[in-house]
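run.txt, holding compact mmCIF, N, CA and C atoms and all ligand atoms:
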# COMPACT_ATOMS: atom_id res chain seq x y z
N VAL X 299 127.15 85.10 77.50
CA VAL X 299 126.64 83.91 76.78
C VAL X 299 125.51 83.28 77.59
N ALA X 300 124.43 82.96 76.93
CA ALA X 300 123.25 82.44 77.62
C ALA X 300 123.19 80.92 77.62
N CYS X 301 124.19 80.28 76.97
CA CYS X 301 124.09 78.82 76.81
C CYS X 301 124.75 78.11 77.99
N ILE X 302 123.97 77.34 78.72
CA ILE X 302 124.46 76.67 79.92
C ILE X 302 125.56 75.65 79.58
N PHE X 303 125.45 74.96 78.44
CA PHE X 303 126.47 73.96 78.11
C PHE X 303 127.76 74.61 77.64
N CYS X 304 127.68 75.78 76.98
CA CYS X 304 128.90 76.54 76.68
C CYS X 304 129.60 76.94 77.98
N GLU X 305 128.83 77.30 78.98
CA GLU X 305 129.40 77.69 80.27
C GLU X 305 130.06 76.50 80.95
N ILE X 306 129.45 75.32 80.84
CA ILE X 306 130.03 74.10 81.41
C ILE X 306 131.33 73.74 80.68
N VAL X 307 131.30 73.83 79.33
CA VAL X 307 132.51 73.54 78.54
C VAL X 307 133.65 74.46 78.96
N ALA X 308 133.32 75.73 79.22
CA ALA X 308 134.34 76.73 79.58
C ALA X 308 134.76 76.61 81.04
N GLY X 309 134.03 75.79 81.82
CA GLY X 309 134.37 75.61 83.22
C GLY X 309 133.84 76.71 84.12
N ARG X 310 132.99 77.57 83.57
CA ARG X 310 132.43 78.66 84.37
C ARG X 310 131.21 78.23 85.18
N VAL X 311 130.59 77.12 84.76
CA VAL X 311 129.52 76.50 85.53
C VAL X 311 130.02 75.11 85.92
N PRO X 312 129.94 74.76 87.20
CA PRO X 312 130.48 73.46 87.63
C PRO X 312 129.67 72.29 87.09
N SER X 313 130.36 71.19 86.88
CA SER X 313 129.69 69.95 86.47
C SER X 313 130.54 68.79 86.93
N GLN X 314 129.95 67.61 86.94
CA GLN X 314 130.71 66.39 87.20
C GLN X 314 131.33 65.96 85.88
N SER X 315 132.47 66.54 85.56
CA SER X 315 133.12 66.30 84.28
C SER X 315 133.72 64.89 84.24
N VAL X 316 133.55 64.22 83.11
CA VAL X 316 134.16 62.90 82.94
C VAL X 316 135.11 62.86 81.74
N TYR X 317 135.08 63.91 80.91
CA TYR X 317 135.99 63.96 79.76
C TYR X 317 136.07 65.39 79.27
N HIS X 318 137.30 65.81 78.92
CA HIS X 318 137.44 67.13 78.30
C HIS X 318 138.64 67.12 77.36
N SER X 319 138.42 67.54 76.13
CA SER X 319 139.53 67.71 75.19
C SER X 319 139.27 68.99 74.43
N GLU X 320 140.07 69.23 73.40
CA GLU X 320 139.92 70.52 72.70
C GLU X 320 138.65 70.59 71.87
N ASP X 321 138.05 69.42 71.57
CA ASP X 321 136.85 69.46 70.73
C ASP X 321 135.58 68.95 71.40
N VAL X 322 135.72 68.12 72.44
CA VAL X 322 134.56 67.45 73.02
C VAL X 322 134.64 67.48 74.55
N THR X 323 133.49 67.67 75.20
CA THR X 323 133.40 67.62 76.66
C THR X 323 132.26 66.69 77.06
N ALA X 324 132.45 65.95 78.16
CA ALA X 324 131.39 65.08 78.67
C ALA X 324 131.27 65.27 80.17
N PHE X 325 130.02 65.24 80.64
CA PHE X 325 129.75 65.47 82.07
C PHE X 325 128.46 64.74 82.43
N ARG X 326 128.31 64.44 83.72
CA ARG X 326 127.13 63.69 84.16
C ARG X 326 125.89 64.57 84.14
N ASP X 327 124.78 63.99 83.69
CA ASP X 327 123.51 64.70 83.67
C ASP X 327 123.10 65.04 85.10
N ILE X 328 122.59 66.25 85.30
CA ILE X 328 122.22 66.72 86.63
C ILE X 328 120.99 65.99 87.16
N ASP X 329 120.22 65.37 86.25
CA ASP X 329 118.98 64.69 86.62
C ASP X 329 118.97 63.31 85.94
N PRO X 330 119.82 62.39 86.42
CA PRO X 330 120.06 61.14 85.69
C PRO X 330 118.82 60.26 85.57
N LYS X 331 118.64 59.69 84.37
CA LYS X 331 117.51 58.82 84.08
C LYS X 331 117.92 57.34 84.02
N ALA X 332 119.17 57.07 84.34
CA ALA X 332 119.70 55.70 84.35
C ALA X 332 120.96 55.73 85.22
N PRO X 333 121.43 54.56 85.70
CA PRO X 333 122.63 54.53 86.53
C PRO X 333 123.82 55.25 85.88
N THR X 334 123.98 55.09 84.57
CA THR X 334 124.91 55.92 83.82
C THR X 334 124.11 56.87 82.93
N HIS X 335 124.28 58.15 83.14
CA HIS X 335 123.65 59.16 82.28
C HIS X 335 124.62 60.31 82.11
N ILE X 336 125.31 60.29 80.98
CA ILE X 336 126.36 61.26 80.68
C ILE X 336 125.96 62.02 79.42
N LEU X 337 126.27 63.30 79.40
CA LEU X 337 126.04 64.13 78.21
C LEU X 337 127.37 64.40 77.53
N ILE X 338 127.43 64.14 76.22
CA ILE X 338 128.64 64.41 75.44
C ILE X 338 128.32 65.54 74.48
N VAL X 339 129.12 66.60 74.52
CA VAL X 339 128.82 67.79 73.72
C VAL X 339 130.04 68.24 72.93
N PRO X 340 129.80 68.84 71.75
CA PRO X 340 130.90 69.53 71.07
C PRO X 340 131.22 70.80 71.84
N ASN X 341 132.51 71.14 71.98
CA ASN X 341 132.86 72.38 72.67
C ASN X 341 132.33 73.59 71.90
N ARG X 342 132.36 73.49 70.58
CA ARG X 342 131.81 74.55 69.73
C ARG X 342 130.29 74.52 69.80
N HIS X 343 129.69 75.69 69.93
CA HIS X 343 128.23 75.77 70.05
C HIS X 343 127.55 75.42 68.73
N ILE X 344 126.92 74.26 68.71
CA ILE X 344 126.00 73.87 67.63
C ILE X 344 124.65 73.72 68.32
N ALA X 345 123.66 74.49 67.93
CA ALA X 345 122.41 74.53 68.70
C ALA X 345 121.59 73.26 68.53
N PHE X 346 121.40 72.84 67.28
CA PHE X 346 120.44 71.77 67.01
C PHE X 346 121.04 70.70 66.11
N LEU X 347 120.55 69.50 66.28
CA LEU X 347 120.92 68.41 65.37
C LEU X 347 120.69 68.84 63.93
N ALA X 348 119.63 69.61 63.71
CA ALA X 348 119.29 70.05 62.36
C ALA X 348 120.35 70.97 61.75
N ASP X 349 121.24 71.51 62.59
CA ASP X 349 122.31 72.39 62.10
C ASP X 349 123.54 71.61 61.65
N VAL X 350 123.56 70.30 61.88
CA VAL X 350 124.76 69.50 61.58
C VAL X 350 124.95 69.36 60.06
N LYS X 351 126.19 69.61 59.63
CA LYS X 351 126.56 69.50 58.22
C LYS X 351 127.58 68.36 58.07
N SER X 352 127.76 67.91 56.83
CA SER X 352 128.73 66.84 56.60
C SER X 352 130.14 67.27 57.02
N SER X 353 130.40 68.57 56.99
CA SER X 353 131.71 69.06 57.44
C SER X 353 131.91 68.89 58.95
N ASP X 354 130.84 68.57 59.68
CA ASP X 354 130.95 68.26 61.11
C ASP X 354 131.17 66.77 61.36
N GLY X 355 131.39 66.02 60.30
CA GLY X 355 131.46 64.57 60.41
C GLY X 355 132.50 64.07 61.40
N GLU X 356 133.70 64.66 61.32
CA GLU X 356 134.77 64.22 62.22
C GLU X 356 134.41 64.51 63.68
N LEU X 357 133.79 65.66 63.90
CA LEU X 357 133.36 66.02 65.25
C LEU X 357 132.32 65.03 65.78
N LEU X 358 131.37 64.66 64.94
CA LEU X 358 130.35 63.69 65.37
C LEU X 358 130.98 62.34 65.67
N ALA X 359 131.93 61.94 64.83
CA ALA X 359 132.62 60.67 65.07
C ALA X 359 133.39 60.71 66.38
N ARG X 360 133.98 61.84 66.69
CA ARG X 360 134.69 62.01 67.97
C ARG X 360 133.72 61.86 69.14
N ILE X 361 132.53 62.44 69.01
CA ILE X 361 131.53 62.35 70.07
C ILE X 361 131.15 60.89 70.31
N VAL X 362 130.94 60.14 69.23
CA VAL X 362 130.59 58.72 69.36
C VAL X 362 131.76 57.95 69.97
N GLU X 363 132.98 58.27 69.55
CA GLU X 363 134.17 57.60 70.09
C GLU X 363 134.28 57.84 71.60
N VAL X 364 134.07 59.08 72.02
CA VAL X 364 134.12 59.41 73.45
C VAL X 364 133.02 58.66 74.19
N ALA X 365 131.82 58.61 73.62
CA ALA X 365 130.72 57.88 74.25
C ALA X 365 131.08 56.41 74.42
N ASN X 366 131.66 55.80 73.39
CA ASN X 366 132.04 54.39 73.47
C ASN X 366 133.11 54.17 74.54
N ASP X 367 134.10 55.06 74.59
CA ASP X 367 135.15 54.96 75.62
C ASP X 367 134.55 55.09 77.02
N LEU X 368 133.63 56.03 77.19
CA LEU X 368 133.00 56.23 78.50
C LEU X 368 132.15 55.02 78.88
N ALA X 369 131.47 54.42 77.91
CA ALA X 369 130.68 53.22 78.18
C ALA X 369 131.58 52.11 78.72
N ARG X 370 132.78 51.96 78.13
CA ARG X 370 133.73 50.96 78.64
C ARG X 370 134.16 51.32 80.05
N GLN X 371 134.47 52.60 80.29
CA GLN X 371 134.89 53.04 81.63
C GLN X 371 133.80 52.80 82.67
N GLU X 372 132.55 52.96 82.25
CA GLU X 372 131.41 52.82 83.17
C GLU X 372 131.04 51.35 83.39
N GLY X 373 131.66 50.47 82.60
CA GLY X 373 131.39 49.04 82.73
C GLY X 373 130.09 48.59 82.11
N ILE X 374 129.60 49.34 81.14
CA ILE X 374 128.32 49.01 80.50
C ILE X 374 128.48 48.64 79.03
N ALA X 375 129.73 48.51 78.58
CA ALA X 375 129.96 48.25 77.17
C ALA X 375 129.39 46.90 76.74
N GLN X 376 129.52 45.89 77.64
CA GLN X 376 129.05 44.55 77.30
C GLN X 376 127.53 44.42 77.42
N SER X 377 126.99 45.00 78.50
CA SER X 377 125.54 44.87 78.72
C SER X 377 124.74 45.72 77.74
N GLY X 378 125.33 46.78 77.26
CA GLY X 378 124.68 47.62 76.26
C GLY X 378 124.34 48.99 76.78
N TYR X 379 124.18 49.90 75.85
CA TYR X 379 123.89 51.29 76.22
C TYR X 379 123.18 51.96 75.06
N ARG X 380 122.67 53.13 75.33
CA ARG X 380 121.90 53.85 74.32
C ARG X 380 122.43 55.27 74.17
N LEU X 381 122.59 55.72 72.93
CA LEU X 381 122.91 57.11 72.63
C LEU X 381 121.66 57.77 72.09
N VAL X 382 121.31 58.92 72.66
CA VAL X 382 120.06 59.62 72.30
C VAL X 382 120.36 61.08 72.00
N VAL X 383 119.79 61.57 70.92
CA VAL X 383 119.78 63.01 70.66
C VAL X 383 118.33 63.44 70.51
N ASN X 384 117.88 64.29 71.41
CA ASN X 384 116.54 64.86 71.30
C ASN X 384 116.62 66.12 70.45
N SER X 385 115.77 66.20 69.44
CA SER X 385 115.79 67.35 68.54
C SER X 385 114.41 67.98 68.46
N GLY X 386 114.29 69.16 69.04
CA GLY X 386 113.04 69.90 68.96
C GLY X 386 112.07 69.56 70.08
N PRO X 387 110.99 70.33 70.15
CA PRO X 387 110.05 70.24 71.28
C PRO X 387 109.40 68.87 71.46
N ASP X 388 108.92 68.26 70.40
CA ASP X 388 108.25 66.97 70.56
C ASP X 388 109.20 65.90 71.10
N ALA X 389 110.48 66.03 70.80
CA ALA X 389 111.47 65.06 71.30
C ALA X 389 111.91 65.39 72.72
N GLY X 390 111.53 66.58 73.20
CA GLY X 390 111.86 66.95 74.57
C GLY X 390 113.18 67.66 74.72
N GLN X 391 113.72 68.22 73.63
CA GLN X 391 114.97 68.97 73.75
C GLN X 391 114.74 70.22 74.60
N THR X 392 115.57 70.37 75.65
CA THR X 392 115.42 71.51 76.55
C THR X 392 116.64 72.42 76.55
N VAL X 393 117.77 71.95 76.04
CA VAL X 393 118.99 72.78 75.98
C VAL X 393 119.42 72.88 74.52
N ALA X 394 119.54 74.11 74.02
CA ALA X 394 119.85 74.34 72.61
C ALA X 394 121.36 74.38 72.39
N HIS X 395 122.03 73.31 72.79
CA HIS X 395 123.44 73.06 72.47
C HIS X 395 123.51 71.56 72.26
N LEU X 396 123.87 71.17 71.05
CA LEU X 396 123.85 69.76 70.68
C LEU X 396 124.48 68.89 71.76
N HIS X 397 123.78 67.84 72.17
CA HIS X 397 124.31 66.94 73.18
C HIS X 397 123.80 65.53 72.92
N VAL X 398 124.68 64.57 73.12
CA VAL X 398 124.33 63.17 72.99
C VAL X 398 124.24 62.59 74.39
N HIS X 399 123.09 62.00 74.71
CA HIS X 399 122.92 61.32 75.99
C HIS X 399 123.52 59.92 75.88
N LEU X 400 124.38 59.56 76.83
CA LEU X 400 124.84 58.18 76.99
C LEU X 400 124.09 57.60 78.19
N LEU X 401 123.24 56.62 77.92
CA LEU X 401 122.39 56.01 78.94
C LEU X 401 122.69 54.53 79.05
N GLY X 402 122.80 54.04 80.28
CA GLY X 402 123.02 52.61 80.45
C GLY X 402 123.02 52.23 81.92
N GLY X 403 123.25 50.93 82.15
CA GLY X 403 123.28 50.42 83.51
C GLY X 403 121.97 49.81 83.96
N ARG X 404 121.00 49.80 83.06
CA ARG X 404 119.72 49.12 83.33
C ARG X 404 119.10 48.75 81.98
N PRO X 405 118.21 47.75 81.97
CA PRO X 405 117.51 47.45 80.72
C PRO X 405 116.62 48.64 80.33
N MET X 406 116.52 48.88 79.04
CA MET X 406 115.70 49.99 78.56
C MET X 406 114.59 49.50 77.66
N THR X 407 113.51 50.25 77.65
CA THR X 407 112.36 49.86 76.84
C THR X 407 112.49 50.43 75.43
N TRP X 408 111.77 49.79 74.52
CA TRP X 408 111.68 50.30 73.15
C TRP X 408 110.24 50.17 72.70
N PRO X 409 109.64 51.15 72.08
CA PRO X 409 110.23 52.45 71.77
C PRO X 409 110.33 53.36 72.97
N PRO X 410 111.19 54.40 72.90
CA PRO X 410 111.26 55.38 73.97
C PRO X 410 109.91 56.07 74.13
N GLY X 411 109.64 56.62 75.30
CA GLY X 411 108.36 57.23 75.59
C GLY X 411 108.09 58.48 74.75
P1 LIG A 501 117.49 67.41 76.47
O1 LIG A 501 116.16 67.29 77.17
O2 LIG A 501 117.69 68.79 75.88
O3 LIG A 501 117.74 66.33 75.48
O4 LIG A 501 118.57 67.17 77.59
C1 LIG A 501 119.06 68.17 78.41
C2 LIG A 501 119.67 67.48 79.59
O5 LIG A 501 120.53 68.38 80.25
C3 LIG A 501 118.62 67.02 80.62
O6 LIG A 501 118.73 65.62 80.80
C4 LIG A 501 119.00 67.81 81.87
O7 LIG A 501 118.85 67.05 83.06
C5 LIG A 501 120.44 68.19 81.63
N1 LIG A 501 120.86 69.44 82.21
C6 LIG A 501 120.22 70.64 82.13
N2 LIG A 501 120.90 71.60 82.76
C7 LIG A 501 122.02 71.00 83.26
C8 LIG A 501 123.13 71.48 84.01
O8 LIG A 501 123.23 72.66 84.37
N3 LIG A 501 124.09 70.58 84.34
C9 LIG A 501 124.01 69.27 83.97
N4 LIG A 501 125.01 68.46 84.35
N5 LIG A 501 122.99 68.79 83.25
C10 LIG A 501 122.00 69.64 82.90
ZN ZN A 502 126.37 76.37 73.74
I need this file expressed as structure tokens, please.
Amino acid sequence: VACIFCEIVAGRVPSQSVYHSEDVTAFRDIDPKAPTHILIVPNRHIAFLADVKSSDGELLARIVEVANDLARQEGIAQSGYRLVVNSGPDAGQTVAHLHVHLLGGRPMTWPPG
């Protein structure tokens, strides 16, 4: 398998794991852009946001739920946080396994760069 996030989900590539269940895994970004920078991924390989179907709804809701729980654990739930999905080259997507960035712990600018 050539997918680095599938390898992390399977535990074959090490990561700073912060959550793992049968459907969702979360781990710290290797190159953090904020004091809290966690990636939340479906364990099942979905390459792109564009591949998401309504039948994936429960899985997406689980990802958001995990992100919200992690934000509380990180102590950033009150100050605020941002969930980001980069889709395609112009957005800067570099890993073709759907992942939601949880960013927080500092004020953020809008719009994103
Ligand atoms: P994208 O640019 O595709 O939205 O985000 C990919 C993210 O994955 C980047 O923020 C990058 O730092 C992170 N990343 C890439 N490879 C690895 C890895 O092997 N381990 C971890 N923990 N993060 C990674
Ligand atoms: Zn994958």
### Selected residue of minimal separation from ligand ZN 502 (chain A) among X:Asn341, X:Gln376, X:Gln314, X:Ser353, counting all atoms listed in the file
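Using all atoms listed in the file, ligand ZN 502 (chain A) sits closest to X:Asn341.
From atom N of X:Ala348 back to atom N of X:Arg360, the distance works out to 16.6 Å.
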### Task
Take atom N of X:Ala359 and atom CA of X:Leu400 and report the distance between them in Å, one decimal.
14.6 Å
Mind running chain X against ligand ZN 502 (chain A) at 12 Å and telling me each contacting residue's nearest atom pair with the distance in Å (one decimal), counting only C-alpha atoms and all ligand atoms, chain and number ascending, as a Markdown table?
| residue | atom | partner | partner_atom | distance |
| --- | --- | --- | --- | --- |
| X:Val299 | CA | A:ZN502 | ZN | 8.1 |
| X:Ala300 | CA | A:ZN502 | ZN | 7.9 |
| X:Cys301 | CA | A:ZN502 | ZN | 4.5 |
| X:Ile302 | CA | A:ZN502 | ZN | 6.5 |
| X:Phe303 | CA | A:ZN502 | ZN | 5.0 |
| X:Cys304 | CA | A:ZN502 | ZN | 3.9 |
| X:Glu305 | CA | A:ZN502 | ZN | 7.3 |
| X:Ile306 | CA | A:ZN502 | ZN | 8.8 |
| X:Val307 | CA | A:ZN502 | ZN | 8.3 |
| X:Ala308 | CA | A:ZN502 | ZN | 9.9 |
| X:Thr323 | CA | A:ZN502 | ZN | 11.6 |
| X:Val339 | CA | A:ZN502 | ZN | 8.9 |
| X:Pro340 | CA | A:ZN502 | ZN | 8.6 |
| X:Asn341 | CA | A:ZN502 | ZN | 7.7 |
| X:Arg342 | CA | A:ZN502 | ZN | 7.0 |
| X:His343 | CA | A:ZN502 | ZN | 4.2 |
| X:Ile344 | CA | A:ZN502 | ZN | 6.6 |
| X:Ala345 | CA | A:ZN502 | ZN | 6.7 |
| X:Phe346 | CA | A:ZN502 | ZN | 10.1 |
| X:Val393 | CA | A:ZN502 | ZN | 8.5 |
| X:Ala394 | CA | A:ZN502 | ZN | 6.9 |
| X:His395 | CA | A:ZN502 | ZN | 4.6 |
| X:Leu396 | CA | A:ZN502 | ZN | 7.7 |
| X:His397 | CA | A:ZN502 | ZN | 9.7 |
### Query
Looking at only C-alpha atoms and all ligand atoms, which of X:Val382, X:Val350, X:Ala369, X:Ile328 is the one that sits closest to ligand LIG 501 (chain A)?
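Distance minimum relative to ligand LIG 501 (chain A) lands on X:Ile328.
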### Message
Taking only C-alpha atoms and all ligand atoms and a cut-off of 6 Å, can you tell me which residues surround ligand LIG 501 (chain A), written as a ChimeraX atom specification?
### Response
/X:313,326-329,384,390-393
#### Entry: Residue with smallest distance to X:Ala375 - pool X:Lys331, X:Arg404, X:Arg310, X:Lys351, counting only C-alpha atoms
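The shortest atom-to-atom distance to X:Ala375 comes from X:Arg404.
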### Message
For the strand (DSSP E or B) assignment from backbone DSSP, which residues of chain X qualify? Please present them as a ChimeraX atom specification.
### Response
/X:315-318,322-326,334-340,379-382,398-402
Can you sort out stretch 332-343 of chain X so it carries all heavy atoms, written as a PDB file, in the frame of the given file?
ATOM      1  N   ALA X 332     119.170  57.070  84.340  1.00  0.00           N
ATOM      2  CA  ALA X 332     119.700  55.700  84.350  1.00  0.00           C
ATOM      3  C   ALA X 332     120.960  55.730  85.220  1.00  0.00           C
ATOM      4  O   ALA X 332     121.498  56.807  85.488  1.00  0.00           O
ATOM      5  CB  ALA X 332     120.031  55.248  82.921  1.00  0.00           C
ATOM      6  N   PRO X 333     121.430  54.560  85.700  1.00  0.00           N
ATOM      7  CA  PRO X 333     122.630  54.530  86.530  1.00  0.00           C
ATOM      8  C   PRO X 333     123.820  55.250  85.880  1.00  0.00           C
ATOM      9  O   PRO X 333     124.589  55.924  86.568  1.00  0.00           O
ATOM     10  CB  PRO X 333     122.902  53.027  86.694  1.00  0.00           C
ATOM     11  CG  PRO X 333     121.534  52.409  86.636  1.00  0.00           C
ATOM     12  CD  PRO X 333     120.783  53.231  85.604  1.00  0.00           C
ATOM     13  N   THR X 334     123.980  55.090  84.570  1.00  0.00           N
ATOM     14  CA  THR X 334     124.910  55.920  83.820  1.00  0.00           C
ATOM     15  C   THR X 334     124.110  56.870  82.930  1.00  0.00           C
ATOM     16  O   THR X 334     123.299  56.420  82.113  1.00  0.00           O
ATOM     17  CB  THR X 334     125.855  55.078  82.929  1.00  0.00           C
ATOM     18  OG1 THR X 334     126.754  54.353  83.758  1.00  0.00           O
ATOM     19  CG2 THR X 334     126.665  55.971  81.989  1.00  0.00           C
ATOM     20  N   HIS X 335     124.280  58.150  83.140  1.00  0.00           N
ATOM     21  CA  HIS X 335     123.650  59.160  82.280  1.00  0.00           C
ATOM     22  C   HIS X 335     124.620  60.310  82.110  1.00  0.00           C
ATOM     23  O   HIS X 335     124.766  61.159  82.991  1.00  0.00           O
ATOM     24  CB  HIS X 335     122.317  59.636  82.867  1.00  0.00           C
ATOM     25  CG  HIS X 335     121.527  60.505  81.929  1.00  0.00           C
ATOM     26  ND1 HIS X 335     120.241  60.923  82.203  1.00  0.00           N
ATOM     27  CD2 HIS X 335     121.841  61.039  80.716  1.00  0.00           C
ATOM     28  CE1 HIS X 335     119.795  61.675  81.186  1.00  0.00           C
ATOM     29  NE2 HIS X 335     120.752  61.762  80.290  1.00  0.00           N
ATOM     30  N   ILE X 336     125.310  60.290  80.980  1.00  0.00           N
ATOM     31  CA  ILE X 336     126.360  61.260  80.680  1.00  0.00           C
ATOM     32  C   ILE X 336     125.960  62.020  79.420  1.00  0.00           C
ATOM     33  O   ILE X 336     125.357  61.443  78.502  1.00  0.00           O
ATOM     34  CB  ILE X 336     127.710  60.524  80.481  1.00  0.00           C
ATOM     35  CG1 ILE X 336     128.194  59.948  81.818  1.00  0.00           C
ATOM     36  CG2 ILE X 336     128.765  61.445  79.873  1.00  0.00           C
ATOM     37  CD1 ILE X 336     129.368  58.976  81.690  1.00  0.00           C
ATOM     38  N   LEU X 337     126.270  63.300  79.400  1.00  0.00           N
ATOM     39  CA  LEU X 337     126.040  64.130  78.210  1.00  0.00           C
ATOM     40  C   LEU X 337     127.370  64.400  77.530  1.00  0.00           C
ATOM     41  O   LEU X 337     128.338  64.806  78.197  1.00  0.00           O
ATOM     42  CB  LEU X 337     125.374  65.452  78.597  1.00  0.00           C
ATOM     43  CG  LEU X 337     124.046  65.324  79.353  1.00  0.00           C
ATOM     44  CD1 LEU X 337     123.569  66.698  79.832  1.00  0.00           C
ATOM     45  CD2 LEU X 337     122.991  64.661  78.482  1.00  0.00           C
ATOM     46  N   ILE X 338     127.430  64.140  76.220  1.00  0.00           N
ATOM     47  CA  ILE X 338     128.640  64.410  75.440  1.00  0.00           C
ATOM     48  C   ILE X 338     128.320  65.540  74.480  1.00  0.00           C
ATOM     49  O   ILE X 338     127.331  65.452  73.725  1.00  0.00           O
ATOM     50  CB  ILE X 338     129.113  63.153  74.676  1.00  0.00           C
ATOM     51  CG1 ILE X 338     129.327  61.987  75.650  1.00  0.00           C
ATOM     52  CG2 ILE X 338     130.409  63.422  73.927  1.00  0.00           C
ATOM     53  CD1 ILE X 338     128.265  60.924  75.576  1.00  0.00           C
ATOM     54  N   VAL X 339     129.120  66.600  74.520  1.00  0.00           N
ATOM     55  CA  VAL X 339     128.820  67.790  73.720  1.00  0.00           C
ATOM     56  C   VAL X 339     130.040  68.240  72.930  1.00  0.00           C
ATOM     57  O   VAL X 339     131.180  68.063  73.374  1.00  0.00           O
ATOM     58  CB  VAL X 339     128.337  68.965  74.624  1.00  0.00           C
ATOM     59  CG1 VAL X 339     127.207  68.517  75.546  1.00  0.00           C
ATOM     60  CG2 VAL X 339     129.470  69.581  75.423  1.00  0.00           C
ATOM     61  N   PRO X 340     129.800  68.840  71.750  1.00  0.00           N
ATOM     62  CA  PRO X 340     130.900  69.530  71.070  1.00  0.00           C
ATOM     63  C   PRO X 340     131.220  70.800  71.840  1.00  0.00           C
ATOM     64  O   PRO X 340     130.299  71.478  72.329  1.00  0.00           O
ATOM     65  CB  PRO X 340     130.318  69.850  69.689  1.00  0.00           C
ATOM     66  CG  PRO X 340     128.837  69.947  69.908  1.00  0.00           C
ATOM     67  CD  PRO X 340     128.512  68.992  71.036  1.00  0.00           C
ATOM     68  N   ASN X 341     132.510  71.140  71.980  1.00  0.00           N
ATOM     69  CA  ASN X 341     132.860  72.380  72.670  1.00  0.00           C
ATOM     70  C   ASN X 341     132.330  73.590  71.900  1.00  0.00           C
ATOM     71  O   ASN X 341     131.915  74.576  72.502  1.00  0.00           O
ATOM     72  CB  ASN X 341     134.378  72.487  72.824  1.00  0.00           C
ATOM     73  CG  ASN X 341     134.929  71.435  73.760  1.00  0.00           C
ATOM     74  OD1 ASN X 341     134.180  70.702  74.425  1.00  0.00           O
ATOM     75  ND2 ASN X 341     136.249  71.343  73.821  1.00  0.00           N
ATOM     76  N   ARG X 342     132.360  73.490  70.580  1.00  0.00           N
ATOM     77  CA  ARG X 342     131.810  74.550  69.730  1.00  0.00           C
ATOM     78  C   ARG X 342     130.290  74.520  69.800  1.00  0.00           C
ATOM     79  O   ARG X 342     129.681  73.454  69.754  1.00  0.00           O
ATOM     80  CB  ARG X 342     132.298  74.315  68.292  1.00  0.00           C
ATOM     81  CG  ARG X 342     131.690  75.226  67.259  1.00  0.00           C
ATOM     82  CD  ARG X 342     132.509  75.194  65.956  1.00  0.00           C
ATOM     83  NE  ARG X 342     132.606  73.861  65.355  1.00  0.00           N
ATOM     84  CZ  ARG X 342     131.698  73.364  64.496  1.00  0.00           C
ATOM     85  NH1 ARG X 342     130.644  74.058  64.162  1.00  0.00           N
ATOM     86  NH2 ARG X 342     131.862  72.161  63.975  1.00  0.00           N
ATOM     87  N   HIS X 343     129.690  75.690  69.930  1.00  0.00           N
ATOM     88  CA  HIS X 343     128.230  75.770  70.050  1.00  0.00           C
ATOM     89  C   HIS X 343     127.550  75.420  68.730  1.00  0.00           C
ATOM     90  O   HIS X 343     127.601  76.178  67.771  1.00  0.00           O
ATOM     91  CB  HIS X 343     127.802  77.158  70.513  1.00  0.00           C
ATOM     92  CG  HIS X 343     126.317  77.277  70.723  1.00  0.00           C
ATOM     93  ND1 HIS X 343     125.708  76.953  71.919  1.00  0.00           N
ATOM     94  CD2 HIS X 343     125.326  77.617  69.876  1.00  0.00           C
ATOM     95  CE1 HIS X 343     124.396  77.125  71.802  1.00  0.00           C
ATOM     96  NE2 HIS X 343     124.145  77.530  70.560  1.00  0.00           N
TER      97      HIS X 343
END
